[in-house]
Each structure stands twice: as C-alpha cells, then as structure tokens.
$ cat run.csv   # CSV, C-alpha atoms and all ligand atoms
chain,number,residue,atom,x,y,z
J,1,MET,CA,10.9,14.9,10.5
J,2,TYR,CA,10.3,12.2,7.8
J,3,PRO,CA,11.9,12.2,4.4
J,4,GLU,CA,10.2,14.4,1.8
J,5,ASN,CA,8.6,11.4,0.0
J,6,VAL,CA,6.9,10.1,3.1
J,7,THR,CA,3.4,11.0,4.2
J,8,VAL,CA,2.0,9.8,7.5
J,9,ILE,CA,-1.8,9.8,7.2
J,10,ASN,CA,-2.5,11.3,10.6
J,11,HIS,CA,-6.3,11.2,10.5
J,12,PRO,CA,-8.3,10.4,13.6
J,13,LEU,CA,-10.3,7.7,11.8
J,14,VAL,CA,-7.2,6.0,10.6
J,15,GLN,CA,-5.5,6.2,14.0
J,16,HIS,CA,-8.6,4.8,15.7
J,17,LYS,CA,-8.9,1.9,13.3
J,18,ILE,CA,-5.2,1.1,13.6
J,19,SER,CA,-5.6,0.9,17.4
J,20,MET,CA,-8.4,-1.6,16.9
J,21,LEU,CA,-6.2,-3.6,14.5
J,22,ARG,CA,-3.4,-3.8,17.0
J,23,ASP,CA,-5.7,-5.3,19.7
J,24,ILE,CA,-4.9,-9.0,20.2
J,25,HIS,CA,-8.6,-9.5,20.8
J,26,THR,CA,-9.6,-8.3,17.3
J,27,GLY,CA,-10.7,-11.5,15.4
J,28,THR,CA,-10.1,-12.3,11.8
J,29,ASN,CA,-13.4,-11.0,10.5
J,30,GLU,CA,-13.0,-7.6,12.1
J,31,PHE,CA,-9.3,-7.4,11.3
J,32,ARG,CA,-10.0,-8.0,7.6
J,33,ARG,CA,-12.8,-5.3,7.6
J,34,LEU,CA,-10.6,-2.8,9.4
J,35,THR,CA,-7.7,-3.4,7.0
J,36,GLU,CA,-10.0,-2.7,4.1
J,37,GLU,CA,-11.4,0.4,5.7
J,38,ILE,CA,-7.9,1.8,6.5
J,39,ALA,CA,-6.7,1.1,3.0
J,40,MET,CA,-9.7,3.0,1.6
J,41,LEU,CA,-9.2,6.0,3.9
J,42,MET,CA,-5.4,6.0,3.1
J,43,GLY,CA,-6.2,5.6,-0.6
J,44,TYR,CA,-8.4,8.7,-0.5
J,45,GLU,CA,-5.4,10.7,0.7
J,46,ALA,CA,-2.8,9.0,-1.4
J,47,LEU,CA,-4.8,9.6,-4.6
J,48,ARG,CA,-5.5,13.2,-4.1
J,49,ASP,CA,-3.0,14.2,-6.8
J,50,LEU,CA,-4.7,12.2,-9.5
J,51,PRO,CA,-5.0,14.5,-12.5
J,52,LEU,CA,-8.4,15.7,-13.7
J,53,GLU,CA,-9.7,16.7,-17.1
J,54,ASP,CA,-12.9,18.5,-18.0
J,55,VAL,CA,-15.3,16.3,-20.0
J,56,GLU,CA,-18.7,17.2,-21.4
J,57,ILE,CA,-21.6,15.8,-19.5
J,58,THR,CA,-25.3,16.3,-20.1
J,59,THR,CA,-27.3,16.6,-16.9
J,60,PRO,CA,-31.1,16.4,-16.9
J,61,LEU,CA,-30.9,20.3,-17.2
J,62,GLU,CA,-28.1,21.1,-19.5
J,63,THR,CA,-24.7,20.2,-21.0
J,64,CYS,CA,-21.7,21.2,-19.0
J,65,MET,CA,-17.9,20.7,-18.7
J,66,THR,CA,-17.1,18.8,-15.5
J,67,PRO,CA,-13.9,17.2,-14.1
J,68,MET,CA,-13.1,13.5,-14.3
J,69,ILE,CA,-9.9,11.5,-13.6
J,70,ALA,CA,-7.7,12.0,-16.6
J,71,GLY,CA,-5.0,10.0,-18.5
J,72,LYS,CA,-3.1,7.9,-16.1
J,73,LYS,CA,-5.1,4.9,-15.0
J,74,LEU,CA,-4.5,3.0,-11.8
J,75,ALA,CA,-2.9,-0.4,-10.9
J,76,VAL,CA,-3.0,-1.8,-7.4
J,77,VAL,CA,-0.1,-4.3,-6.8
J,78,PRO,CA,-0.3,-6.1,-3.4
J,79,ILE,CA,2.8,-7.8,-2.1
J,80,LEU,CA,1.7,-11.4,-1.3
J,81,ARG,CA,0.2,-12.2,0.9
J,82,ALA,CA,-0.7,-9.6,3.5
J,83,GLY,CA,-0.9,-6.8,0.8
J,84,LEU,CA,-4.0,-8.6,-0.6
J,85,GLY,CA,-6.0,-7.4,2.5
J,86,MET,CA,-5.7,-3.8,1.3
J,87,VAL,CA,-6.8,-4.3,-2.3
J,88,SER,CA,-10.6,-4.2,-1.9
J,89,GLY,CA,-10.4,-0.9,0.1
J,90,ILE,CA,-8.6,0.8,-2.8
J,91,LEU,CA,-10.8,-0.8,-5.4
J,92,ALA,CA,-13.8,0.6,-3.5
J,93,LEU,CA,-12.5,4.0,-4.6
J,94,THR,CA,-11.2,3.1,-8.0
J,95,PRO,CA,-13.3,0.0,-9.2
J,96,SER,CA,-11.7,-0.1,-12.7
J,97,ALA,CA,-8.1,-0.3,-11.5
J,98,LYS,CA,-6.1,-3.3,-12.7
J,99,VAL,CA,-4.6,-5.6,-10.1
J,100,GLY,CA,-1.1,-7.1,-10.3
J,101,HIS,CA,0.6,-9.3,-7.8
J,102,ILE,CA,4.1,-9.7,-6.5
J,103,GLY,CA,5.2,-12.7,-4.4
J,104,LEU,CA,8.6,-12.6,-2.7
J,105,PHE,CA,10.3,-15.0,-0.4
J,106,ARG,CA,13.3,-14.4,1.9
J,107,ASP,CA,16.4,-16.5,1.3
J,108,PRO,CA,16.9,-18.1,4.7
J,109,GLU,CA,20.7,-17.6,4.5
J,110,THR,CA,21.2,-14.3,2.8
J,111,HIS,CA,17.8,-12.9,4.0
J,112,GLU,CA,17.5,-11.2,0.6
J,113,PRO,CA,14.1,-11.2,-1.0
J,114,HIS,CA,13.6,-13.2,-4.2
J,115,GLU,CA,10.6,-13.0,-6.6
J,116,TYR,CA,8.6,-16.2,-7.0
J,117,TYR,CA,5.6,-14.6,-8.7
J,118,CYS,CA,5.1,-11.4,-10.6
J,119,LYS,CA,2.2,-10.6,-12.8
J,120,LEU,CA,1.6,-7.0,-13.6
J,121,PRO,CA,-0.8,-5.2,-16.0
J,122,ASP,CA,0.8,-4.7,-19.3
J,123,PRO,CA,1.7,-2.1,-20.3
J,124,ILE,CA,2.3,-0.6,-16.9
J,125,ASP,CA,4.3,2.5,-17.7
J,126,LEU,CA,1.4,4.9,-18.1
J,127,ARG,CA,-0.4,3.7,-14.9
J,128,THR,CA,-0.2,5.1,-11.4
J,129,ILE,CA,0.8,2.0,-9.4
J,130,VAL,CA,-0.2,1.6,-5.8
J,131,VAL,CA,1.9,-1.1,-4.1
J,132,THR,CA,0.3,-2.4,-0.9
J,133,ASP,CA,1.8,-4.1,2.1
J,134,PRO,CA,0.2,-3.5,5.6
J,135,MET,CA,3.6,-3.8,7.4
J,136,LEU,CA,6.7,-1.9,6.2
J,137,ALA,CA,9.2,-3.7,8.4
J,138,THR,CA,12.8,-4.0,7.3
J,139,GLY,CA,11.9,-2.5,3.9
J,140,GLY,CA,13.6,-5.4,2.1
J,141,SER,CA,10.5,-6.7,0.3
J,142,ALA,CA,9.2,-3.2,-0.4
J,143,VAL,CA,12.5,-2.2,-2.0
J,144,ALA,CA,12.6,-5.4,-4.1
J,145,ALA,CA,8.9,-5.1,-5.1
J,146,VAL,CA,9.5,-1.5,-6.3
J,147,ASP,CA,12.7,-2.6,-8.1
J,148,PHE,CA,10.7,-5.3,-10.0
J,149,ILE,CA,7.9,-2.9,-10.9
J,150,LYS,CA,10.5,-0.4,-12.3
J,151,GLN,CA,12.2,-3.2,-14.2
J,152,HIS,CA,8.8,-3.9,-15.8
J,153,GLY,CA,8.5,-0.2,-16.8
J,154,GLY,CA,6.6,1.2,-13.9
J,155,LYS,CA,7.2,4.9,-13.4
J,156,THR,CA,4.6,6.5,-11.2
J,157,ILE,CA,4.7,4.4,-8.0
J,158,LYS,CA,3.0,4.9,-4.6
J,159,PHE,CA,3.8,2.6,-1.7
J,160,MET,CA,1.1,2.2,1.0
J,161,SER,CA,1.5,0.5,4.3
J,162,ILE,CA,-0.6,0.7,7.4
J,163,ILE,CA,2.2,0.5,10.0
J,164,ALA,CA,5.9,1.3,9.3
J,165,ALA,CA,9.0,0.7,11.2
J,166,PRO,CA,11.5,3.7,11.2
J,167,GLU,CA,14.1,1.3,9.7
J,168,GLY,CA,12.0,0.2,6.8
J,169,LEU,CA,10.8,3.7,6.1
J,170,GLU,CA,14.3,5.0,5.9
J,171,ARG,CA,15.5,2.1,3.7
J,172,LEU,CA,12.6,2.4,1.2
J,173,SER,CA,12.7,6.2,1.0
J,174,LYS,CA,16.4,6.2,0.4
J,175,ALA,CA,16.4,3.3,-2.2
J,176,HIS,CA,13.5,4.9,-4.1
J,177,SER,CA,13.4,8.6,-3.5
J,178,ASP,CA,11.3,9.0,-6.6
J,179,ILE,CA,8.2,7.2,-5.2
J,180,GLN,CA,5.6,8.5,-2.7
J,181,ILE,CA,5.3,6.5,0.5
J,182,TYR,CA,2.2,6.6,2.6
J,183,CYS,CA,1.7,5.0,6.1
J,184,GLY,CA,-0.9,5.2,8.8
J,185,HIS,CA,1.5,5.1,11.7
J,186,VAL,CA,5.3,4.9,12.3
J,187,ASP,CA,6.0,2.5,15.2
J,188,ARG,CA,8.9,2.5,17.6
J,189,GLN,CA,11.3,-0.2,16.2
J,190,LEU,CA,11.8,-3.7,14.8
J,191,ASN,CA,12.6,-6.5,17.2
J,192,GLU,CA,15.3,-9.2,16.7
J,193,ASN,CA,12.8,-11.2,14.6
J,194,ALA,CA,12.1,-8.2,12.3
J,195,TYR,CA,8.6,-7.8,13.8
J,196,ILE,CA,7.4,-4.2,14.2
J,197,CYS,CA,6.9,-3.1,17.9
J,198,PRO,CA,4.3,-2.5,19.2
J,199,GLY,CA,2.9,-3.5,15.8
J,200,LEU,CA,0.0,-5.9,15.4
J,201,GLY,CA,1.7,-9.3,15.0
J,202,ASP,CA,1.8,-11.1,11.6
J,203,ALA,CA,-0.6,-9.2,9.4
J,204,GLY,CA,-1.0,-12.1,6.9
J,205,ASP,CA,-1.9,-14.5,9.6
J,206,ARG,CA,-4.4,-12.1,11.1
J,207,ILE,CA,-6.0,-11.3,7.8
J,208,PHE,CA,-6.3,-14.9,6.7
J,209,GLY,CA,-6.9,-16.5,10.1
J,210,THR,CA,-3.9,-18.8,9.7
J,211,LYS,CA,-1.4,-19.8,12.4
J,301,LIG,N1,5.2,-8.4,8.8
J,301,LIG,C1,4.2,-8.5,9.7
J,301,LIG,O1,3.1,-9.1,9.3
J,301,LIG,N2,4.3,-8.0,10.9
J,301,LIG,C2,5.4,-7.4,11.4
J,301,LIG,O2,5.5,-7.0,12.5
J,301,LIG,C3,6.5,-7.3,10.4
J,301,LIG,C4,6.4,-7.8,9.2

$ encode --input "run.csv" --output "structure tokens"
Amino acid sequence: MYPENVTVINHPLVQHKISMLRDIHTGTNEFRRLTEEIAMLMGYEALRDLPLEDVEITTPLETCMTPMIAGKKLAVVPILRAGLGMVSGILALTPSAKVGHIGLFRDPETHEPHEYYCKLPDPIDLRTIVVTDPMLATGGSAVAAVDFIKQHGGKTIKFMSIIAAPEGLERLSKAHSDIQIYCGHVDRQLNENAYICPGLGDAGDRIFGTK
C-alpha cells in the first residue's frame, strides 16, 4: 500500500499517544512529553537494523562474547524548529549520538525551501543519520533537508515523522527512494494552507507554546 521505503509504526502505544497529541486540549507540557515519548517508541523500531558485533565482556562470573552496536554511529538531525521536539526521545535510546541541525525557510514567492542554517557532525558519511520532523506535510522541507545531508556526504539516512500527509510521503519516497521513512500515522490530506488534516495543528507552536 505504501512505497517500499515507508514504514508506518502501527503500535497501539504510538497510536494512543498520537491521539492525545491531536487533542486541542493537550497543553504545551504534555504535548512536549508525548512528542518525546512517541519519538522514542518510533526510534526503537526505526533502529532495529543497527548492526551488532560481539565484544568481550567480563561479568562478575566469567568472560563472554556479547553483542553491542557496531561500526556505524548515529547522528540525529532535527529540521528546525519542530524537529527539535523529537531529539530527546531518540537520545534517550542512543545517548552518545551526535546532533546536527538544519534550518529551512520557505520562499514566499516560489514556496521553495532554502537553507538558513546547517550544522552537521563532521564527518557524517559513516553515521546513520536520523532526520526528525514531526509533520511530513508537502514534503518540500524533508526533500531539501535530505538533499543537504547527502551533499554533505550523508549516506545512510532515516527520516522520522509522527504524522505524514499522503502527498508528502509520496514526494519524499520518490525523491529519495534510498532512505528509510518512518511515520506514526498517515493522515487524510493537506488543506489549502498545507496543514495536515486532521493533523494536530502547528507542531512547532504546540511544542514551544508559541502563537
Ligand atoms: N507543519 C505543522 O506543524 N503542521 C501541519 O499540519 C503541517 C506542517
């Protein structure tokens, strides 16, 4: 039903927490906490293919070979500003991951995204990079962010959003068929203002209590 590189994390805990996020009565504090928790639950699934290698560990009883995360290290790259809300949830799983940032603004005339800030861990080519943005709406920012990361040498890229619009999902999966895309729910459609419906409103405003 969805393109091959798309995984919808259809877990009851994720679905339940997304419903709470949607609720207009959910305040900033709870919204922030739920965003973190959902990111952590989604991260658990999205990182299930991290490679392992056996290392020697001495327990209080004996020395044994036991698996630990191998080779490729992680970078989390939030798209400013709403993507920031997901970072702590992923860092709860992978505390030593590096964190980069990408800031994009939309040209008011062309509607094309332009980079105003980009700071990535260097080198980035050997890292698994998790790009976060809670809302995958038109897909314009997501496509541009992944473009920038690839231009900086990023190779293994996972994109994580909590809610996706079918339009954005299609655009991102077509533009970057070599990345893995994870979302918690695919909503009905975008409205004329490029908001996801039913959605949850402006994720950045709800995370940061602005508006
Ligand atoms: N960004 C948001 O925060 N919400 C939407 O519905 C679409 C884009």

$ residues_near_ligand --input "run.csv" --ligand "ligand LIG 301 (chain J)" --cutoff "9 Å" --atoms "only C-alpha atoms and all ligand atoms" --output "list in words"
Ala82, Asp133, Pro134, Met135, Leu136, Ala137, Thr138, Ile163, Ala164, Ala165, Leu190, Asn191, Asn193, Ala194, Tyr195, Ile196, Cys197, Pro198, Gly199, Leu200, Gly201, Asp202, Ala203, Gly204, Asp205 and Arg206 of chain J

$ closest_residue --input "run.csv" --among "J:Ala142, J:Ala92, J:Met42, J:Ile162" --to "Ser19 in chain J" --atoms "only C-alpha atoms"
J:Ile162

$ residues_around --input "run.csv" --residues "Val99 in chain J" --least-positions-apart "3" --cutoff "7 Å" --atoms "only C-alpha atoms" --output "PyMOL selection string"
chain J and resi 75-77

$ atom_distance --input "run.csv" --atom1 "CA of Arg81 in chain J" --atom2 "CA of Glu37 in chain J"
17.8 Å

$ residues_around --input "run.csv" --residues "Val130 in chain J" --least-positions-apart "3" --cutoff "12 Å" --atoms "all atoms listed in the file" --output "count of residues only"
43

$ atom_distance --input "run.csv" --atom1 "CA of Gly71 in chain J" --atom2 "CA of Asp49 in chain J"
12.6 Å
